[in-house]
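Structure record follows, encoded as C-alpha cells.
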Amino acid sequence: MSSRTLPLLFINLGGEMLYILDQRLRAQNIPADKAKKVMNDIITTMFNKKFLEELFKPQELYSKKALRTVFDRLAHASIMRLNQASMDKLYDLMTMAFKYQVLLCPRPKDILLVSFNHMDAIKDFVKDTPSILSQVDETYRQLIEMYTPLSSGEFQLIRQTLLIFFQDMHIRVSIFLKDKVQNSNGRFVLPTSGPVPHGTQVPGLIRMFSCTGEEVTRLQFNNGGNYTAAIREGSFEIFGDRVTKLGTNMYSVSRPVETHMSGTSKNSAQHTKVNAAPNPLAKEELNLLAKLMGGLEVQKPGNADSGFRVNLFATDEEEEEALISRPDELSYGVINIQATKDQQANAELAKIMGEFTESGDQSPSASSKGDDLLAMMDGL
Amino acid sequence: MEKSRLSTSYGNNNPWTRRLAPDHPLPFLQPALFRENGSMYHKEKSIQIKNSASALYNNLGVLRIAPRRLTYFTVVHANVVNMVSASWDGLNYSHRQLQSKEPNVATSTSLIMQAAFCALPSRDLLVVTSQKGIQIYESDGSIMVYWHALDTPETPTAQAVFARGISAVHENYICVGISSGAILVFDVPSKGSNITLSEVLEEHKESITDMAAECSGSQECIADLVSADDGGNLCVWKSGEEFQLLNNIPGFDMSCSSVKLWKGTVVAGYGTGQIRLYEAVTGILHAEVNAHARWIYSLDIAPFSGLLLSAAEDSLVRVWHLSMTPETNSVEVAHLHNECVTDTQICGAKFCDGDGYAFAVTGYDLSEIIRYTQT
C-alpha cells in the first residue's frame, strides 16, 4: 500500500531493539566499554548512509521473513552474538512493542512522534560520539523532509500498511501483561477514556443549523466512555517535547524482558501469515534485500576474546528450552546467515552482496545472482 | 403500538421482509424509553471467518438475497476477500475466499483496499479493488466477469497507486475511485461480461476514500452520487452518459473516510471522529456531530427508517436517527444507541436490512463478524 512505510518500520523496530539490548547488556553485567561498543556499532550500522538511501526509496514493505533477516544482520553488527532462541525472542518483543505503539497512537500522524521518541533515545545512546551523532542528525532531517508534508489520510495509509504487517500477532509480553496494557489472550487494551487526540473534540455534542448557518439546536448524548479534552501537540522538529510516552524506553534493569510462548498456540490456528507466498516472489525480494544489506557493513570479528554472547532469557537452559518448544507457526523461517562456520560460503555471500551495491541496477544477470543468493542461503 | 421482540419464529414481525414507507416514523423507536428500559440492540451469535479483518475503511460488505433467504458478507484480509453466505435461519454457513489478481508476478503481493457489493436493478455484482486493479465478480464470487488493470509504474513511486471507493449508481453504472483522485465510471450491461469504461471523472486532487449513491429510492433526488477524498473534499454528481458535477463541498484538511447519500443529504465521517451532514446540491451544513473519539472507519444508512450507523477506531458503534423536515429544509439527528466492542478498532459496520433491524460489525485482528439485532 503506502510506499513510505519501510523507514518508519525500520527505525522504530531498531529503536526497540536497542532498548532491549541495552537492558540485557546491563542485566548481564557486560563491561561498560564492551556494551558501549556494541551499541555504537549497531547504531553506526543502522544509520549507514548507503543503507538509509536504499531504505528511504519508495518501496513496498518487506515480508516478515525479509525484515527479520535485516535485523539478524544488524544485531550481529558488532562483537555480540545471539543464539537463535534469543534472536527470536528479541524480534518478538520488538514487533509487539511497535505494534502496541501503532495501535495506541491517537492519530496516525503520531507515529512520527513515536519515531522521534526512538530517535531521541538513540541520539542519547551516542551523544559522546560525534561521528555517529551527525549520522543520526542527518536521519532526523530526512524524516522531517519526507513525513511532515504528508496529509492525515496519507499517514493513515502508512498506519494501515503497518497494521497489515502486524496482523494476527498476539504474542504475550510480560511487561505489557503486568502493566495491564495487554490481555491474557494477547490482545491490547484499548481504553475508552483519557484525552482525545489533538484535533478531535470530546464526543457528545450534536449541533444543528439553519440554512443561513445559524446554530438552531444543541443536543448532548452519552458517549459511553470517559474522555477528556485533547492535550497539547508534540513537537515534530529535531528537538522538542514529543508529549506522547509511546516509543520511549519502557525497560529497565528491574523490569526485565520476557515473553510467554505457551498459551499463544491456541490462537495461532487462526493466524495466517500474509507473506506465506511461495518462492516465485522470494527472488525479487532477495534482490531488493541484497541491495539494502549491501550497505550494512559487518564489523570484522577482531580478536576472539572481545566477542561475547547475550542471552534474552534468564538462564542458558531456558534459552535452549525456548528454542525446542517454540510453536511452528511462530517460526520466522529465517536462515541465520551469520551462523555459518563455512568461511568460504560467507565470503561468497558477502561478495555477492557487495556487487549488488556497486552495480545497483537491474542488469540481466541480476536474476541469476538472485538464484545464487537463494541457493546459498538455502544451503547454509 | 407494536413492540418488536426478537423471537425465533418471526411471524408478522419478520425483520427481513417488513417494509415501512420512507417517512413512516418507526413505531418501536422511543429513545427515552430505551435509555431507561435497557438496550435498543443486543448481541447475536457471531459468524466466524477464515482470517481476521484488516484495518481498511468500510471493511464489510453485506448483500441481502431475500428470495433465497441468505445474506452474503465480505471481509478483506490483506490480499484475500473472505466471503460468507449465511442462511437466515442461522443453520447454514458457507465460505469462499477470493484472491487479488496479480498480472505481474515478479512484483510483490497486491493488497486489497476494499470489497463491496453493487446492487443494480438488473444484477448484483461484487467489486474488489486492489493495488493492481479492479476485479468484478458475480455476487456469489463464483466467476470473475471483468478485470481492469491500473497503470502501475515499474518502480514504486512516493504516491501509492490503488483503487478504493466503490458504488453502484442509478440503473447501470459502477463507479470506482483511484488513488490519484480520478473516478472510473463503468457501464454495466444487464447480463454478461461486456462491461466497458464509460468515463473518467477528474475532479478530486487527492486519493478517493469512499463513494456512495443516493439510497432512498426517491425519484425526486437530483444528485445520484457523492465521492469523498483524503482531504475531506466531497463531490456531488448526477449520473448519465456524461456525469455532471453538481457541487464540490470543500474539506478542512482532514480525510473523509466514509460517506453516504440519503434523501439529498450527504452524511460524511472524518478522521477527527466528526460526522457532518450537508445538503448535497447546495453544500449547506445541516448538522455537525462530535461523534467519535478516534478516526471514523464506517458509516451506513438504513434507507427505510433513516437510521444511521457509525463505527470508529475508538471501539464504539453508534446508532442515530435522521429525520428530514422539508418545510424548514432541516435535518435532525438524534442519538439512539451505543455498542462498545471491547479492545477492538472497528473497521466495518453495516445494517443487514433496509430498516436497520440488524447490523454487523468487523474489527482489526478479529476473525468474526459480530451481529446485533433490535431488542
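Numbering starts fresh at 1 for the residues of each chain in the C-alpha cells, the chains themselves are lettered A, B, ... in the order given, and ligands are numbered from 1 as they appear.
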
Could you work out which residues of chain B fall inside 8 Å of chain A? Count only C-alpha atoms, and format the result as a ChimeraX atom specification. /B:50-52,54-56,78-79,105-108,111,131,155-162,230-231,253-255,271-274,284-295,314-315,329-333,335,338,340,342-344,365,367

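The shortest atom-to-atom distance to His204 of chain B, with only C-alpha atoms taken into account, belongs to B:Leu245 out of B:Val281, B:Leu245, B:Cys347, B:Leu308.
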
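Backbone DSSP of segment 176-228 of chain B yields strand (DSSP E) at Val176, Gly177, Ile178, Ala182, Ile183, Leu184, Val185, Phe186, Asp187, Thr196, Leu197, Ser198, Glu199, Val200, Leu201, Glu202, Ile208, Thr209, Asp210, Met211, Ala212, Ala213, Leu225, Val226, Ser227 and Ala228 of chain B.
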
Take the residues from that selection and write them out as a CSV table (one decimal), in the first residue's frame, keeping N, CA and C atoms.
chain,number,residue,atom,x,y,z
B,176,VAL,N,-15.7,3.6,-9.5
B,176,VAL,CA,-14.6,3.2,-8.6
B,176,VAL,C,-13.6,4.3,-8.6
B,177,GLY,N,-13.2,4.6,-7.4
B,177,GLY,CA,-12.2,5.7,-7.2
B,177,GLY,C,-10.7,5.2,-7.3
B,178,ILE,N,-9.8,6.1,-7.5
B,178,ILE,CA,-8.4,5.8,-7.7
B,178,ILE,C,-7.6,6.7,-6.8
B,182,ALA,N,-8.9,10.3,-9.4
B,182,ALA,CA,-9.8,10.0,-10.6
B,182,ALA,C,-10.9,9.0,-10.2
B,183,ILE,N,-12.1,9.1,-10.9
B,183,ILE,CA,-13.1,8.2,-10.7
B,183,ILE,C,-13.4,7.5,-12.0
B,184,LEU,N,-13.4,6.2,-12.0
B,184,LEU,CA,-13.7,5.4,-13.2
B,184,LEU,C,-15.2,5.1,-13.2
B,185,VAL,N,-15.8,5.4,-14.3
B,185,VAL,CA,-17.3,5.0,-14.4
B,185,VAL,C,-17.4,3.9,-15.4
B,186,PHE,N,-17.9,2.8,-14.9
B,186,PHE,CA,-18.1,1.6,-15.8
B,186,PHE,C,-19.6,1.4,-16.1
B,187,ASP,N,-19.8,1.1,-17.4
B,187,ASP,CA,-21.2,0.9,-17.9
B,187,ASP,C,-21.4,-0.6,-17.8
B,196,THR,N,-17.9,-1.9,-19.8
B,196,THR,CA,-17.0,-1.0,-20.5
B,196,THR,C,-16.7,0.2,-19.6
B,197,LEU,N,-15.5,0.8,-19.8
B,197,LEU,CA,-15.2,2.0,-19.1
B,197,LEU,C,-15.9,3.1,-19.9
B,198,SER,N,-16.8,3.8,-19.2
B,198,SER,CA,-17.6,4.8,-19.9
B,198,SER,C,-16.9,6.2,-19.8
B,199,GLU,N,-16.4,6.5,-18.7
B,199,GLU,CA,-15.9,7.9,-18.4
B,199,GLU,C,-14.9,7.9,-17.3
B,200,VAL,N,-14.0,8.8,-17.3
B,200,VAL,CA,-13.1,9.1,-16.2
B,200,VAL,C,-13.4,10.5,-15.6
B,201,LEU,N,-13.8,10.5,-14.4
B,201,LEU,CA,-14.1,11.8,-13.8
B,201,LEU,C,-12.9,12.4,-13.1
B,202,GLU,N,-12.4,13.5,-13.4
B,202,GLU,CA,-11.2,14.0,-12.8
B,202,GLU,C,-11.5,15.4,-12.1
B,208,ILE,N,-9.2,9.0,-3.5
B,208,ILE,CA,-10.6,8.8,-3.2
B,208,ILE,C,-10.6,7.8,-2.0
B,209,THR,N,-11.5,8.1,-1.1
B,209,THR,CA,-11.6,7.2,0.1
B,209,THR,C,-12.9,6.4,0.0
B,210,ASP,N,-14.0,7.0,-0.3
B,210,ASP,CA,-15.3,6.3,-0.4
B,210,ASP,C,-16.2,7.0,-1.3
B,211,MET,N,-17.2,6.2,-1.8
B,211,MET,CA,-18.3,6.8,-2.6
B,211,MET,C,-19.6,6.2,-2.3
B,212,ALA,N,-20.7,6.9,-2.5
B,212,ALA,CA,-22.0,6.4,-2.2
B,212,ALA,C,-23.0,6.9,-3.2
B,213,ALA,N,-24.0,6.1,-3.5
B,213,ALA,CA,-25.1,6.6,-4.3
B,213,ALA,C,-26.3,6.9,-3.5
B,225,LEU,N,-24.8,10.6,-6.8
B,225,LEU,CA,-23.6,10.0,-6.3
B,225,LEU,C,-22.8,11.1,-5.5
B,226,VAL,N,-22.2,10.7,-4.4
B,226,VAL,CA,-21.2,11.5,-3.7
B,226,VAL,C,-19.9,10.8,-3.6
B,227,SER,N,-18.8,11.5,-3.8
B,227,SER,CA,-17.5,10.9,-3.7
B,227,SER,C,-16.7,11.8,-2.7
B,228,ALA,N,-15.8,11.1,-1.9
B,228,ALA,CA,-15.0,11.7,-0.9
B,228,ALA,C,-13.6,11.4,-1.1

Taking 3 positions as the minimum chain separation for residues in the same chain, which residues sit within 8 Å of Ile43 of chain A when counting only C-alpha atoms? Answer as a compact mmCIF listing (two decimals) with N, CA, C and O atoms, in the first residue's frame.
# COMPACT_ATOMS: atom_id res chain seq x y z
N MET A 39 26.58 -1.07 21.31
CA MET A 39 25.54 -0.09 20.98
C MET A 39 26.00 0.84 19.86
O MET A 39 25.27 1.08 18.90
N ASN A 40 27.24 1.32 19.97
CA ASN A 40 27.76 2.22 18.94
C ASN A 40 27.85 1.53 17.58
O ASN A 40 27.47 2.11 16.55
N MET A 46 23.09 0.91 11.60
CA MET A 46 21.70 1.29 11.31
C MET A 46 21.62 2.56 10.49
O MET A 46 20.75 2.70 9.63
N PHE A 47 22.48 3.50 10.81
CA PHE A 47 22.41 4.81 10.16
C PHE A 47 23.47 5.00 9.08
O PHE A 47 23.79 6.11 8.70
N ILE A 122 18.01 7.13 20.76
CA ILE A 122 19.21 6.68 20.04
C ILE A 122 20.28 7.76 20.09
O ILE A 122 21.46 7.49 20.32
N ILE A 132 28.93 9.46 14.90
CA ILE A 132 27.65 8.77 14.77
C ILE A 132 26.51 9.77 14.97
O ILE A 132 25.47 9.68 14.31

Quick one: residues within 8 Å of Gln97 of chain B, only C-alpha atoms counted, chain neighbours fewer than 2 positions away excluded, as a compact mmCIF listing (two decimals) with all heavy atoms, in the first residue's frame?
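To be explicit, this is the file written out as result.txt:
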# COMPACT_ATOMS: atom_id res chain seq x y z
N VAL B 80 -6.73 -11.02 0.40
CA VAL B 80 -7.80 -12.01 0.26
C VAL B 80 -9.14 -11.40 0.68
O VAL B 80 -9.19 -10.59 1.60
CB VAL B 80 -7.47 -13.22 1.19
CG1 VAL B 80 -8.67 -14.06 1.46
CG2 VAL B 80 -6.35 -14.05 0.59
N VAL B 81 -10.22 -11.78 -0.02
CA VAL B 81 -11.56 -11.40 0.43
C VAL B 81 -12.21 -12.65 1.00
O VAL B 81 -12.31 -13.67 0.32
CB VAL B 81 -12.44 -10.89 -0.74
CG1 VAL B 81 -13.83 -10.52 -0.22
CG2 VAL B 81 -11.80 -9.70 -1.43
N ASN B 82 -12.63 -12.56 2.27
CA ASN B 82 -13.36 -13.67 2.87
C ASN B 82 -14.84 -13.45 2.61
O ASN B 82 -15.38 -12.40 2.94
CB ASN B 82 -13.14 -13.69 4.39
CG ASN B 82 -11.73 -14.10 4.73
OD1 ASN B 82 -11.33 -15.22 4.49
ND2 ASN B 82 -10.96 -13.17 5.27
N MET B 83 -15.48 -14.45 1.98
CA MET B 83 -16.92 -14.34 1.74
C MET B 83 -17.64 -15.39 2.56
O MET B 83 -17.22 -16.54 2.60
CB MET B 83 -17.22 -14.64 0.27
CG MET B 83 -17.05 -13.48 -0.65
SD MET B 83 -17.74 -13.83 -2.28
CE MET B 83 -19.48 -13.64 -1.97
N HIS B 95 -18.36 -20.73 3.10
CA HIS B 95 -17.25 -19.78 2.98
C HIS B 95 -16.57 -19.90 1.63
O HIS B 95 -16.52 -20.96 1.04
CB HIS B 95 -16.22 -20.06 4.07
CG HIS B 95 -16.76 -19.92 5.45
ND1 HIS B 95 -16.55 -18.81 6.23
CD2 HIS B 95 -17.53 -20.76 6.18
CE1 HIS B 95 -17.16 -18.98 7.40
NE2 HIS B 95 -17.75 -20.15 7.39
N GLN B 99 -8.90 -14.17 -4.17
CA GLN B 99 -7.56 -13.58 -4.10
C GLN B 99 -7.47 -12.36 -4.99
O GLN B 99 -8.16 -12.28 -6.00
CB GLN B 99 -6.54 -14.60 -4.64
CG GLN B 99 -6.50 -15.90 -3.91
CD GLN B 99 -5.40 -15.91 -2.87
OE1 GLN B 99 -4.52 -15.07 -2.92
NE2 GLN B 99 -5.47 -16.83 -1.94
